[in-house]
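Novice: One structure follows; several queries about it will come next.
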Amino acid sequence: MNRDEDTTEYQGRSRAHRPLAHRDRLPTSPNRTRDASASRSRSRSGRSRTRSTSPRSDEDEQQRRYRSRSSTSSRESRSRTSSRSRSRSYSRSITRSRSPRSRSRTRSRSRSSSIRDRSRSESPSRFQGRRPSKSHAEQLRPNYRPRLELSGHTAAISQVRISPDGKWIASASADGSVKIWDATTGNNLDTLIGHMAGVSCLAWAPDSNTLATGSDDKAIRLWDRVTASPAHACGDESNRGQGPREYIRGGSQLARTARGGRTGMGPLLGHHNYVYCLAFSPKGNILASGSYDEAVFLWDVRAGRLMRSLPAHSDPVSGIGFCCDGTLVVSCSTDGLIRIWDTSTGQCLRTLVHEDNPAVTNVCFSPNGRFVLAFNLDNSIRLWDYVSGTVKKTYQGHKNSGFSIGGGFGVVIDNKDTQDDYRHGNMGKPFVVSASEDGDIVMWDVVTKQIVQRIEKAHEGVCFWVDVNGDTMVSSGQDCTIKVYKNVRRKKHDRRLKFDKPNGISAIDGTNGHGNGRGIEINEAMGDDDL
Amino acid sequence: MNLLLAEDYLLQDYPEHITNTIRSGHSTCVRFNRTGDFLASGRVDGTVVIWDLETMGVARKLRGHSKNITSLSWSRCGRYLLSACQGWKAILWDLQDGSKYCEVRFRAPVYGAELHPMHHHQFAAALFEEQPMLVDVKESAQGANPVEVRHILPSVEKRSDDGADTPTKEKHAKEDARHMTTAIVYTATGEHLLAGTTKGRLNIIDATTHKIIYSEKIAGGVITTLRLTESGKELLVNAQDRTIRTFKVPDLTSADLDPDTIQIPLEHKFQDLVNRLSWNHAAFSSTGEYVAASTFNNHELYIWERGHGSLVRMLEGPKEEQGVIEWHPHKPLLAACGLETGRINIWSVTSPQRWSALAPDFVEVEENVEYIEKEDEFDIHPHEEIQKRRLDAEDEDVDVLGGGGAGGGDVAPFRMPVLFNLGESDSEEEFVNVGLGTLRRKSPDDQDDGAPASEGRPPAKKTVTQRTRTRKR
């Protein structure tokens, strides 16, 4: 490939993807005092301007090019420009001005969904030949039904994750707060306030008792789930901070009020820019964070100490993950690279790049740690064998071209455990799940790449994040809500029956009038897919 | 999992350079747990510190002893830790919550105590000027504290001198009374104990009958260290006759074991004949392939290869004599305690960054390779076609769940809780953050909790030499 061509394409992509940042930045926290945010934005302005203003001219040009490509994405990119030009201003006007736009988007979705329907009807036919015997596929297909709708956040929810023990749900929102929910009842147990800007990411410690959150205020906070207070005892933050002086002072002042007079519960400071992704090691002793400052940091969780800083990428680090034994860290960036690091030495062991070099916005290891799942901004998710450095599978059918959306692996467990010819024994059948920018949630079979379930219109606007833990699935979106789904195992024969009574399990909360209707839609769609 | 991506540098299986120095107070002994992710260290002030080797940070501190810790022993599951101190005490810690599972007081300082290799309900202790003891920890009913049952183990074989006259008997009794056990370890199955004595004898003691079934003089001086490999087939003996010996241990588990036919053949003798060095402590490598030893009055660590018995490496470190030395259970990594500073020095291998890992389209080659262009290399295909071909090629069967060490099927392993309340005073950083990006080495007067405690007592160097002296006696 021509080298020059390569670089231009690279730039174009990295600009085009930028809206992945804006999901956290658009909405504002209503309960934050005006002057507090103003002072903060002033203190940061000198720094942020260098990053955001200078390349704007060619960015606009880039966006023009981008717009010409597709109409739907252009709307998003325009909205993104408006938010970016104001970079960190938190005036309400943005929020208000956004509401009509989001409505217009819902209207436009009817059009896009018809396109999607077509693509969906195509995709099974392509894989028809490779489909395994139908009875297996049917029995071991995910069948997630809406159960709860959780509302309470006042801005878009960038990430939502189920705790490893499956009992809790944590959500990080652009309104600067983090909420903990009971996964079975849907009660909002706690609201963690302390971040001074939108929260982009969160991670559960493996013991489900600690929660780490990363925010646009460049800080990472650790929270105790039980007390809902900062979990850290790592000394006063002025000692450890490496950021600008006044920022620390202002920060600790605010933080002190947040932590209710307790001392020594400072956040983890060190990143020079927005913290964008977080992951706990399987033992819970290391926290990996990726940031807009293009570095990956490994933190000693116990001491709250920066253990290792990896000069990882040449663009914001957009995703990070640990493998199951904790020896490898994977990070990805919008520069299109996926890098695998040795946790103990901090060395890069492998770099994965796709020929087309699409931006990577999220990455995670497969449950056995042998593969890496990468979410690309060219509407595809790729499964990499990182040892050989090749793409093993490409999953398509969702929409992802502008935002950093999330997903991961899930497993449907066979309730009969008797299929001898089934290759995985009773380990269950894995699937890949992802959010989609049209508000859907899409699930693929890992091997056949075929869509096994699609939950349509899970969210108004973009669905940002999906997380699966056993039979529970949770999703969050731009519409400030969280939805909880439950996998209902299908039986071979009463499948039709279930479609007739979609509300038999537990209807979606009454807050949204469309809830039930939507449920029916999902089921019908699945029925078509099956046939 | 990182081994999948590892390349030839891992063929190096003994440590090369000092890579880390960690410090909490003045450490006198260290021990790795079975999986090798934690290192326990015992301090002069009686505190036991658990280090997380991944973060090189303190994972837990256990306070309960008041004197120099002399030995540490992990349970198989990694949840219990037995520590013994010169203050006549051994404590079995539950690391789940850091509580004392059991505390046993002896009537003498403890040389070393070792936990049963299979469970944590029994341990053996070698005591100073006392007969060794086997302690059974019995779980009592209704969650009360476990009770311990002690059994005195013999150090000397029963003499069959029934026919001898009284003076001989008395003489023998006197001799036997001065014959002490200085080191004791379990065999791999835990059915037998291997004990080394002050007179250089190796005893095999049946752990159920508490009888010596075999005894032989194997060394010319006091046996200070006994170590077995993970498989339990090789025995390492350090004695005060300036020689480290390795032995083959026969299988003692067979049902028809005849004590008279047991043979423990000597395999190698490691000594420095030129410098006449004496060895402070010795350890097997993870597989038993290497033997490492710290030297008395010398800074170097010696590593021998056990197969040929040849010296492969002398590790240089800080200018300090090293005491207790431990080899990581599966990595080429050595930990040793500095005698003067009490720091724990860690030697390991450092691999260079492979630059080809950073750019996937680059390959590191040894010499020039002529590039052969593929026939279709510069063919131009429409983008859609390439894409379609690519997708069609993805017909491989992938397994994202099984294999790859993900399962680890057996019992749920113990997971060390991650503590946040270790406290500010516990950060044993040697560097103090004084400003933006500037660090200062901690000066002796602003040391934290560990140091003041050790100031009150004689320097550790003295303590250790005292110990060796008493053994010589």
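Residues in the structure tokens are named by chain (A, B, ... in the order shown) and by number from 1 within that chain; ligands are numbered from 1 in the order shown.
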What parts of segment 203-269 of chain B does DSSP call strand (DSSP E or B)? I'd like the answer as a compact mmCIF listing (two decimals) with C-alpha atoms, in the first residue's frame.
Specialist:
# COMPACT_ATOMS: atom_id res chain seq x y z
CA ASN B 203 16.25 -38.59 60.20
CA ILE B 204 13.14 -39.77 58.47
CA ILE B 205 10.25 -39.64 60.87
CA ASP B 206 6.89 -41.21 60.29
CA ILE B 212 12.33 -42.41 63.36
CA ILE B 213 12.36 -45.00 60.63
CA TYR B 214 15.70 -44.14 59.14
CA SER B 215 18.72 -42.19 60.25
CA GLU B 216 22.04 -41.55 58.66
CA LYS B 217 24.91 -39.15 59.07
CA ILE B 223 22.37 -29.08 59.22
CA THR B 224 20.91 -25.61 58.77
CA THR B 225 18.61 -25.95 55.80
CA LEU B 226 16.59 -28.75 54.32
CA ARG B 227 14.63 -28.14 51.15
CA LEU B 228 12.72 -30.40 48.81
CA GLU B 234 15.29 -34.21 45.50
CA LEU B 235 16.56 -33.03 48.81
CA LEU B 236 18.84 -30.09 49.36
CA VAL B 237 20.90 -29.99 52.52
CA ASN B 238 22.93 -27.06 53.70
CA ALA B 239 25.23 -27.82 56.57
CA THR B 243 29.02 -27.92 51.72
CA ILE B 244 25.62 -28.01 50.07
CA ARG B 245 24.50 -31.51 49.20
CA THR B 246 21.67 -32.81 47.08
CA PHE B 247 20.17 -36.23 47.59
CA LYS B 248 17.68 -38.39 45.80
CA LEU B 266 24.10 -38.46 47.62
CA GLU B 267 23.91 -36.79 44.26
CA HIS B 268 26.09 -33.71 44.34
CA LYS B 269 28.23 -31.73 46.68
Novice: Excluding Ala174 of chain A and any residue of its chain fewer than 3 positions from it, enumerate the residues within 6 Å of it, using only C-alpha atoms, and give them as an mmCIF file with N, CA, C and O atoms, in the first residue's frame.
Specialist:
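Everything below was put into selection25.cif:
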data_model
loop_
_atom_site.group_PDB
_atom_site.id
_atom_site.type_symbol
_atom_site.label_atom_id
_atom_site.label_comp_id
_atom_site.auth_asym_id
_atom_site.auth_seq_id
_atom_site.Cartn_x
_atom_site.Cartn_y
_atom_site.Cartn_z
ATOM 1 N N ASP A 24 -19.880 11.878 26.338
ATOM 2 C CA ASP A 24 -19.817 12.237 27.746
ATOM 3 C C ASP A 24 -19.834 13.723 27.920
ATOM 4 O O ASP A 24 -19.998 14.218 29.002
ATOM 5 N N ALA A 155 -28.249 12.469 32.132
ATOM 6 C CA ALA A 155 -27.532 12.633 30.868
ATOM 7 C C ALA A 155 -27.233 11.241 30.326
ATOM 8 O O ALA A 155 -27.466 10.247 30.997
ATOM 9 N N ALA A 156 -26.694 11.230 29.132
ATOM 10 C CA ALA A 156 -26.418 9.959 28.476
ATOM 11 C C ALA A 156 -25.544 9.077 29.362
ATOM 12 O O ALA A 156 -24.706 9.560 30.112
ATOM 13 N N GLY A 198 -18.195 14.543 33.243
ATOM 14 C CA GLY A 198 -18.857 13.315 32.841
ATOM 15 C C GLY A 198 -18.005 12.093 33.124
ATOM 16 O O GLY A 198 -16.783 12.129 33.013
ATOM 17 N N VAL A 199 -18.648 11.018 33.493
ATOM 18 C CA VAL A 199 -17.924 9.784 33.779
ATOM 19 C C VAL A 199 -17.986 8.907 32.529
ATOM 20 O O VAL A 199 -19.065 8.635 32.012
#
Novice: Quick one: everything within 9 Å of Gln240 of chain B, counting only C-alpha atoms, minus sequence neighbours fewer than 3 positions away in the same chain. Send it as an mmCIF file with all heavy atoms, in the first residue's frame.
Specialist:
data_model
loop_
_atom_site.group_PDB
_atom_site.id
_atom_site.type_symbol
_atom_site.label_atom_id
_atom_site.label_comp_id
_atom_site.auth_asym_id
_atom_site.auth_seq_id
_atom_site.Cartn_x
_atom_site.Cartn_y
_atom_site.Cartn_z
ATOM 1 N N GLY B 200 24.633 -33.487 62.126
ATOM 2 C CA GLY B 200 24.712 -33.774 60.703
ATOM 3 C C GLY B 200 23.986 -35.035 60.295
ATOM 4 O O GLY B 200 24.275 -35.622 59.262
ATOM 5 N N ALA B 219 26.176 -35.253 56.896
ATOM 6 C CA ALA B 219 26.999 -34.051 56.807
ATOM 7 C C ALA B 219 27.919 -33.986 58.006
ATOM 8 O O ALA B 219 27.693 -34.624 59.031
ATOM 9 C CB ALA B 219 26.114 -32.809 56.762
ATOM 10 N N GLY B 220 28.962 -33.189 57.842
ATOM 11 C CA GLY B 220 29.947 -33.105 58.901
ATOM 12 C C GLY B 220 29.640 -32.051 59.942
ATOM 13 O O GLY B 220 30.371 -31.919 60.923
ATOM 14 N N GLY B 221 28.600 -31.287 59.739
ATOM 15 C CA GLY B 221 28.314 -30.237 60.711
ATOM 16 C C GLY B 221 26.825 -30.119 60.938
ATOM 17 O O GLY B 221 26.040 -30.960 60.492
ATOM 18 N N VAL B 222 26.458 -29.049 61.621
ATOM 19 C CA VAL B 222 25.046 -28.814 61.891
ATOM 20 C C VAL B 222 24.303 -28.610 60.577
ATOM 21 O O VAL B 222 24.760 -27.864 59.711
ATOM 22 C CB VAL B 222 24.882 -27.555 62.760
ATOM 23 C CG1 VAL B 222 23.426 -27.296 63.058
ATOM 24 C CG2 VAL B 222 25.685 -27.684 64.027
ATOM 25 N N ILE B 223 23.179 -29.278 60.425
ATOM 26 C CA ILE B 223 22.369 -29.079 59.222
ATOM 27 C C ILE B 223 21.517 -27.833 59.444
ATOM 28 O O ILE B 223 20.779 -27.749 60.418
ATOM 29 C CB ILE B 223 21.497 -30.312 58.953
ATOM 30 C CG1 ILE B 223 22.401 -31.484 58.549
ATOM 31 C CG2 ILE B 223 20.475 -30.032 57.872
ATOM 32 C CD1 ILE B 223 21.679 -32.761 58.296
ATOM 33 N N THR B 224 21.649 -26.851 58.564
ATOM 34 C CA THR B 224 20.912 -25.606 58.773
ATOM 35 C C THR B 224 19.680 -25.499 57.886
ATOM 36 O O THR B 224 18.712 -24.856 58.261
ATOM 37 C CB THR B 224 21.812 -24.392 58.506
ATOM 38 O OG1 THR B 224 22.354 -24.530 57.203
ATOM 39 C CG2 THR B 224 22.933 -24.319 59.515
ATOM 40 N N THR B 243 29.403 -27.120 52.883
ATOM 41 C CA THR B 243 29.016 -27.916 51.721
ATOM 42 C C THR B 243 27.502 -27.953 51.600
ATOM 43 O O THR B 243 26.795 -28.111 52.599
ATOM 44 C CB THR B 243 29.531 -29.362 51.865
ATOM 45 O OG1 THR B 243 30.894 -29.320 52.272
ATOM 46 C CG2 THR B 243 29.400 -30.112 50.567
ATOM 47 N N ILE B 244 27.041 -27.808 50.371
ATOM 48 C CA ILE B 244 25.622 -28.011 50.074
ATOM 49 C C ILE B 244 25.525 -29.344 49.354
ATOM 50 O O ILE B 244 26.292 -29.611 48.421
ATOM 51 C CB ILE B 244 25.077 -26.879 49.187
ATOM 52 C CG1 ILE B 244 25.088 -25.568 49.967
ATOM 53 C CG2 ILE B 244 23.674 -27.189 48.708
ATOM 54 C CD1 ILE B 244 24.839 -24.364 49.109
ATOM 55 N N SER B 278 31.408 -20.444 53.131
ATOM 56 C CA SER B 278 30.338 -21.153 53.808
ATOM 57 C C SER B 278 29.032 -20.543 53.337
ATOM 58 O O SER B 278 28.988 -19.382 52.913
ATOM 59 C CB SER B 278 30.586 -21.023 55.305
ATOM 60 O OG SER B 278 29.423 -20.846 55.979
ATOM 61 N N TRP B 279 27.970 -21.316 53.340
ATOM 62 C CA TRP B 279 26.731 -20.877 52.699
ATOM 63 C C TRP B 279 25.700 -20.493 53.747
ATOM 64 O O TRP B 279 25.457 -21.238 54.699
ATOM 65 C CB TRP B 279 26.175 -22.003 51.812
ATOM 66 C CG TRP B 279 27.240 -22.616 50.960
ATOM 67 C CD1 TRP B 279 27.833 -23.813 51.128
ATOM 68 C CD2 TRP B 279 27.857 -22.027 49.828
ATOM 69 N NE1 TRP B 279 28.785 -24.023 50.176
ATOM 70 C CE2 TRP B 279 28.816 -22.943 49.359
ATOM 71 C CE3 TRP B 279 27.698 -20.822 49.157
ATOM 72 C CZ2 TRP B 279 29.619 -22.688 48.248
ATOM 73 C CZ3 TRP B 279 28.493 -20.575 48.055
ATOM 74 C CH2 TRP B 279 29.440 -21.496 47.607
ATOM 75 N N ASN B 280 25.113 -19.336 53.537
ATOM 76 C CA ASN B 280 24.093 -18.879 54.482
ATOM 77 C C ASN B 280 22.806 -19.674 54.324
ATOM 78 O O ASN B 280 22.201 -20.100 55.284
ATOM 79 C CB ASN B 280 23.774 -17.405 54.252
ATOM 80 C CG ASN B 280 24.792 -16.518 54.910
ATOM 81 O OD1 ASN B 280 25.538 -16.973 55.780
ATOM 82 N ND2 ASN B 280 24.825 -15.267 54.500
ATOM 83 N N ARG B 471 24.138 -22.176 66.842
ATOM 84 C CA ARG B 471 24.044 -23.459 66.164
ATOM 85 C C ARG B 471 25.374 -24.195 66.213
ATOM 86 O O ARG B 471 25.438 -25.395 66.251
ATOM 87 C CB ARG B 471 23.643 -23.241 64.715
ATOM 88 C CG ARG B 471 22.167 -23.047 64.596
ATOM 89 C CD ARG B 471 21.818 -22.875 63.168
ATOM 90 N NE ARG B 471 20.442 -22.417 63.082
ATOM 91 C CZ ARG B 471 19.899 -22.011 61.939
ATOM 92 N NH1 ARG B 471 20.627 -21.996 60.847
ATOM 93 N NH2 ARG B 471 18.656 -21.633 61.907
ATOM 94 N N LYS B 472 26.432 -23.419 66.168
ATOM 95 C CA LYS B 472 27.747 -24.050 66.145
ATOM 96 C C LYS B 472 28.016 -24.761 67.471
ATOM 97 O O LYS B 472 28.755 -25.717 67.543
ATOM 98 C CB LYS B 472 28.813 -22.966 65.927
ATOM 99 C CG LYS B 472 29.084 -22.770 64.442
ATOM 100 C CD LYS B 472 30.081 -21.651 64.249
ATOM 101 C CE LYS B 472 30.144 -21.215 62.799
ATOM 102 N NZ LYS B 472 30.595 -19.845 62.658
#
Novice: Compile the contact shell of Phe284 of chain B as an mmCIF file with C-alpha atoms, in the first residue's frame: residues with an atom at most 7 Å away, counting only C-alpha atoms, same-chain residues fewer than 4 positions apart removed.
Specialist:
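Output (part35.cif):
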data_model
loop_
_atom_site.group_PDB
_atom_site.id
_atom_site.type_symbol
_atom_site.label_atom_id
_atom_site.label_comp_id
_atom_site.auth_asym_id
_atom_site.auth_seq_id
_atom_site.Cartn_x
_atom_site.Cartn_y
_atom_site.Cartn_z
ATOM 1 C CA THR B 229 11.760 -29.780 45.237
ATOM 2 C CA GLY B 288 15.064 -28.459 40.875
ATOM 3 C CA TYR B 290 19.366 -25.341 39.640
ATOM 4 C CA VAL B 291 20.613 -24.778 43.139
ATOM 5 C CA ALA B 292 21.172 -21.276 44.412
ATOM 6 C CA TRP B 327 13.506 -19.265 44.196
#
Novice: Would you mind telling me which residue in B:His120, B:Arg105, B:Arg31, B:Lys211 lies nearest to Ile91 of chain B when using only C-alpha atoms?
Specialist: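 Among B:His120, B:Arg105, B:Arg31, B:Lys211, it is B:Arg105 that comes nearest to Ile91 of chain B.
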Novice: Extract the full set of helix (DSSP H, G or I) residues from segment 135-374 of chain A according to DSSP on the backbone, and format it as an MDAnalysis selection string.
Specialist: chainID A and resid 135:139 237:240 245:258
Novice: Using N, CA and C atoms, can you export the residues from the last selection as a compact mmCIF listing (two decimals), in the first residue's frame?
Specialist:
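again28.txt, freshly written:
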# COMPACT_ATOMS: atom_id res chain seq x y z
N SER A 135 -31.68 -27.61 15.18
CA SER A 135 -32.20 -27.79 16.54
C SER A 135 -31.22 -27.26 17.56
N HIS A 136 -29.95 -27.50 17.35
CA HIS A 136 -28.95 -26.98 18.28
C HIS A 136 -29.00 -25.49 18.32
N ALA A 137 -28.96 -24.94 17.14
CA ALA A 137 -28.89 -23.49 17.04
C ALA A 137 -30.09 -22.86 17.73
N GLU A 138 -31.23 -23.47 17.56
CA GLU A 138 -32.41 -22.87 18.16
C GLU A 138 -32.38 -22.97 19.68
N GLN A 139 -31.98 -24.13 20.12
CA GLN A 139 -32.02 -24.30 21.57
C GLN A 139 -31.02 -23.44 22.27
N GLU A 237 -4.05 13.90 48.10
CA GLU A 237 -3.82 13.83 46.67
C GLU A 237 -2.75 14.80 46.20
N SER A 238 -2.51 15.85 46.95
CA SER A 238 -1.51 16.82 46.50
C SER A 238 -0.14 16.15 46.45
N ASN A 239 0.01 15.08 47.19
CA ASN A 239 1.27 14.37 47.20
C ASN A 239 1.52 13.65 45.89
N ARG A 240 0.44 13.14 45.34
CA ARG A 240 0.63 12.24 44.24
C ARG A 240 0.32 12.84 42.89
N ARG A 245 -0.96 22.49 39.24
CA ARG A 245 -1.12 22.75 40.66
C ARG A 245 -2.53 23.20 41.02
N GLU A 246 -3.00 24.23 40.31
CA GLU A 246 -4.28 24.80 40.74
C GLU A 246 -5.41 23.79 40.55
N TYR A 247 -5.21 22.95 39.61
CA TYR A 247 -6.24 21.94 39.39
C TYR A 247 -6.38 21.05 40.61
N ILE A 248 -5.25 20.66 41.12
CA ILE A 248 -5.28 19.79 42.29
C ILE A 248 -5.94 20.50 43.45
N ARG A 249 -5.56 21.77 43.62
CA ARG A 249 -6.12 22.46 44.78
C ARG A 249 -7.64 22.55 44.65
N GLY A 250 -8.03 22.99 43.47
CA GLY A 250 -9.48 23.10 43.28
C GLY A 250 -10.15 21.74 43.42
N GLY A 251 -9.49 20.76 42.88
CA GLY A 251 -10.07 19.43 42.88
C GLY A 251 -10.26 18.90 44.28
N SER A 252 -9.23 19.04 45.10
CA SER A 252 -9.34 18.46 46.43
C SER A 252 -10.40 19.20 47.24
N GLN A 253 -10.52 20.49 46.96
CA GLN A 253 -11.53 21.25 47.68
C GLN A 253 -12.93 20.68 47.40
N LEU A 254 -13.15 20.50 46.14
CA LEU A 254 -14.46 19.97 45.76
C LEU A 254 -14.63 18.56 46.29
N ALA A 255 -13.56 17.82 46.14
CA ALA A 255 -13.66 16.42 46.52
C ALA A 255 -13.93 16.28 48.02
N ARG A 256 -13.38 17.20 48.78
CA ARG A 256 -13.55 17.06 50.21
C ARG A 256 -15.03 17.18 50.59
N THR A 257 -15.68 18.10 49.95
CA THR A 257 -17.10 18.21 50.26
C THR A 257 -17.81 16.93 49.85
N ALA A 258 -17.33 16.36 48.76
CA ALA A 258 -18.00 15.16 48.27
C ALA A 258 -17.80 13.99 49.21
Novice: Just to confirm, what's the straight-line distance from atom CA of Val349 of chain B to atom CA of Thr345 of chain A in Å (one decimal)?
Specialist: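 If I compute the distance from atom CA of Val349 of chain B to atom CA of Thr345 of chain A, I get 10.2 Å.
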Novice: From the options A:Leu192, A:Ile180, A:Ala295, A:Val412, which residue's atoms come nearest to chain B, counting only C-alpha atoms?
Specialist: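 Closest residue, counting only C-alpha atoms: A:Val412.
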Novice: From the set A:Gly439, A:Gly346, A:Pro142, A:Gly176, which residue has the shortest atom-to-atom contact distance to chain B, counting only C-alpha atoms?
Specialist: A:Gly346
Novice: Kindly give the distance, in Å, that separates atom CA of Arg350 of chain A and atom CA of Phe371 of chain A, rounded to a single decimal.
Specialist: 12.6 Å
Novice: Between A:Gly461, A:Gly336, A:Gly284, A:Gly194, single out the one closest to chain B, counting only C-alpha atoms.
Specialist: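 For chain B, the nearest of the candidates is A:Gly284.
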Novice: Do a neighbour search on Asn376 of chain A at 7 Å with only C-alpha atoms, toss out local chain neighbours closer than 2 positions, and write the hits as a list of chain:residue names.
Specialist: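 Result of the neighbour search: A:Pro358, A:Ala359, A:Val360, A:Thr361, A:Ala374, A:Asp378, A:Asn379, A:Ser380, A:Ile381.
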Novice: As number ranges by chain, please: the residues near Pro132 of chain B (cut-off 12 Å, only C-alpha atoms, same-chain neighbours under 5 positions excluded).
Specialist: B: 106-114, 123-127, 150-156, 179-185, 193-197, 203, 205, 210
Novice: Quick one: residues within 7 Å of Ala219 of chain A, only C-alpha atoms, excluding same-chain residues fewer than 5 positions away - as a PDB file with all heavy atoms, in the first residue's frame?
Specialist:
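Saved file result-v3.pdb follows:
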ATOM      1  N   GLY A 214     -13.787   6.304  35.925  1.00  0.00           N
ATOM      2  CA  GLY A 214     -12.878   7.249  35.292  1.00  0.00           C
ATOM      3  C   GLY A 214     -13.666   8.336  34.614  1.00  0.00           C
ATOM      4  O   GLY A 214     -14.723   8.084  34.048  1.00  0.00           O
ATOM      5  N   PRO A 267      -8.712  10.698  44.837  1.00  0.00           N
ATOM      6  CA  PRO A 267      -8.779   9.911  43.612  1.00  0.00           C
ATOM      7  C   PRO A 267      -7.380   9.561  43.122  1.00  0.00           C
ATOM      8  O   PRO A 267      -6.384  10.042  43.649  1.00  0.00           O
ATOM      9  CB  PRO A 267      -9.477  10.852  42.652  1.00  0.00           C
ATOM     10  CG  PRO A 267      -9.117  12.203  43.124  1.00  0.00           C
ATOM     11  CD  PRO A 267      -8.914  12.116  44.603  1.00  0.00           C
ATOM     12  N   LEU A 268      -7.302   8.730  42.121  1.00  0.00           N
ATOM     13  CA  LEU A 268      -6.032   8.410  41.490  1.00  0.00           C
ATOM     14  C   LEU A 268      -5.799   9.451  40.405  1.00  0.00           C
ATOM     15  O   LEU A 268      -6.551   9.531  39.448  1.00  0.00           O
ATOM     16  CB  LEU A 268      -6.075   7.018  40.872  1.00  0.00           C
ATOM     17  CG  LEU A 268      -6.480   5.867  41.779  1.00  0.00           C
ATOM     18  CD1 LEU A 268      -6.516   4.575  40.980  1.00  0.00           C
ATOM     19  CD2 LEU A 268      -5.538   5.733  42.944  1.00  0.00           C
ATOM     20  N   LEU A 269      -4.798  10.235  40.615  1.00  0.00           N
ATOM     21  CA  LEU A 269      -4.502  11.281  39.647  1.00  0.00           C
ATOM     22  C   LEU A 269      -3.213  10.957  38.929  1.00  0.00           C
ATOM     23  O   LEU A 269      -2.310  10.371  39.507  1.00  0.00           O
ATOM     24  CB  LEU A 269      -4.367  12.631  40.351  1.00  0.00           C
ATOM     25  CG  LEU A 269      -5.624  13.139  41.031  1.00  0.00           C
ATOM     26  CD1 LEU A 269      -5.321  14.407  41.796  1.00  0.00           C
ATOM     27  CD2 LEU A 269      -6.706  13.397  40.013  1.00  0.00           C
ATOM     28  N   VAL A 275      -9.954  10.375  31.298  1.00  0.00           N
ATOM     29  CA  VAL A 275      -9.802   8.932  31.480  1.00  0.00           C
ATOM     30  C   VAL A 275     -10.938   8.271  30.713  1.00  0.00           C
ATOM     31  O   VAL A 275     -12.104   8.623  30.890  1.00  0.00           O
ATOM     32  CB  VAL A 275      -9.860   8.561  32.965  1.00  0.00           C
ATOM     33  CG1 VAL A 275      -9.697   7.068  33.125  1.00  0.00           C
ATOM     34  CG2 VAL A 275      -8.787   9.308  33.727  1.00  0.00           C
TER      35      VAL A 275
END
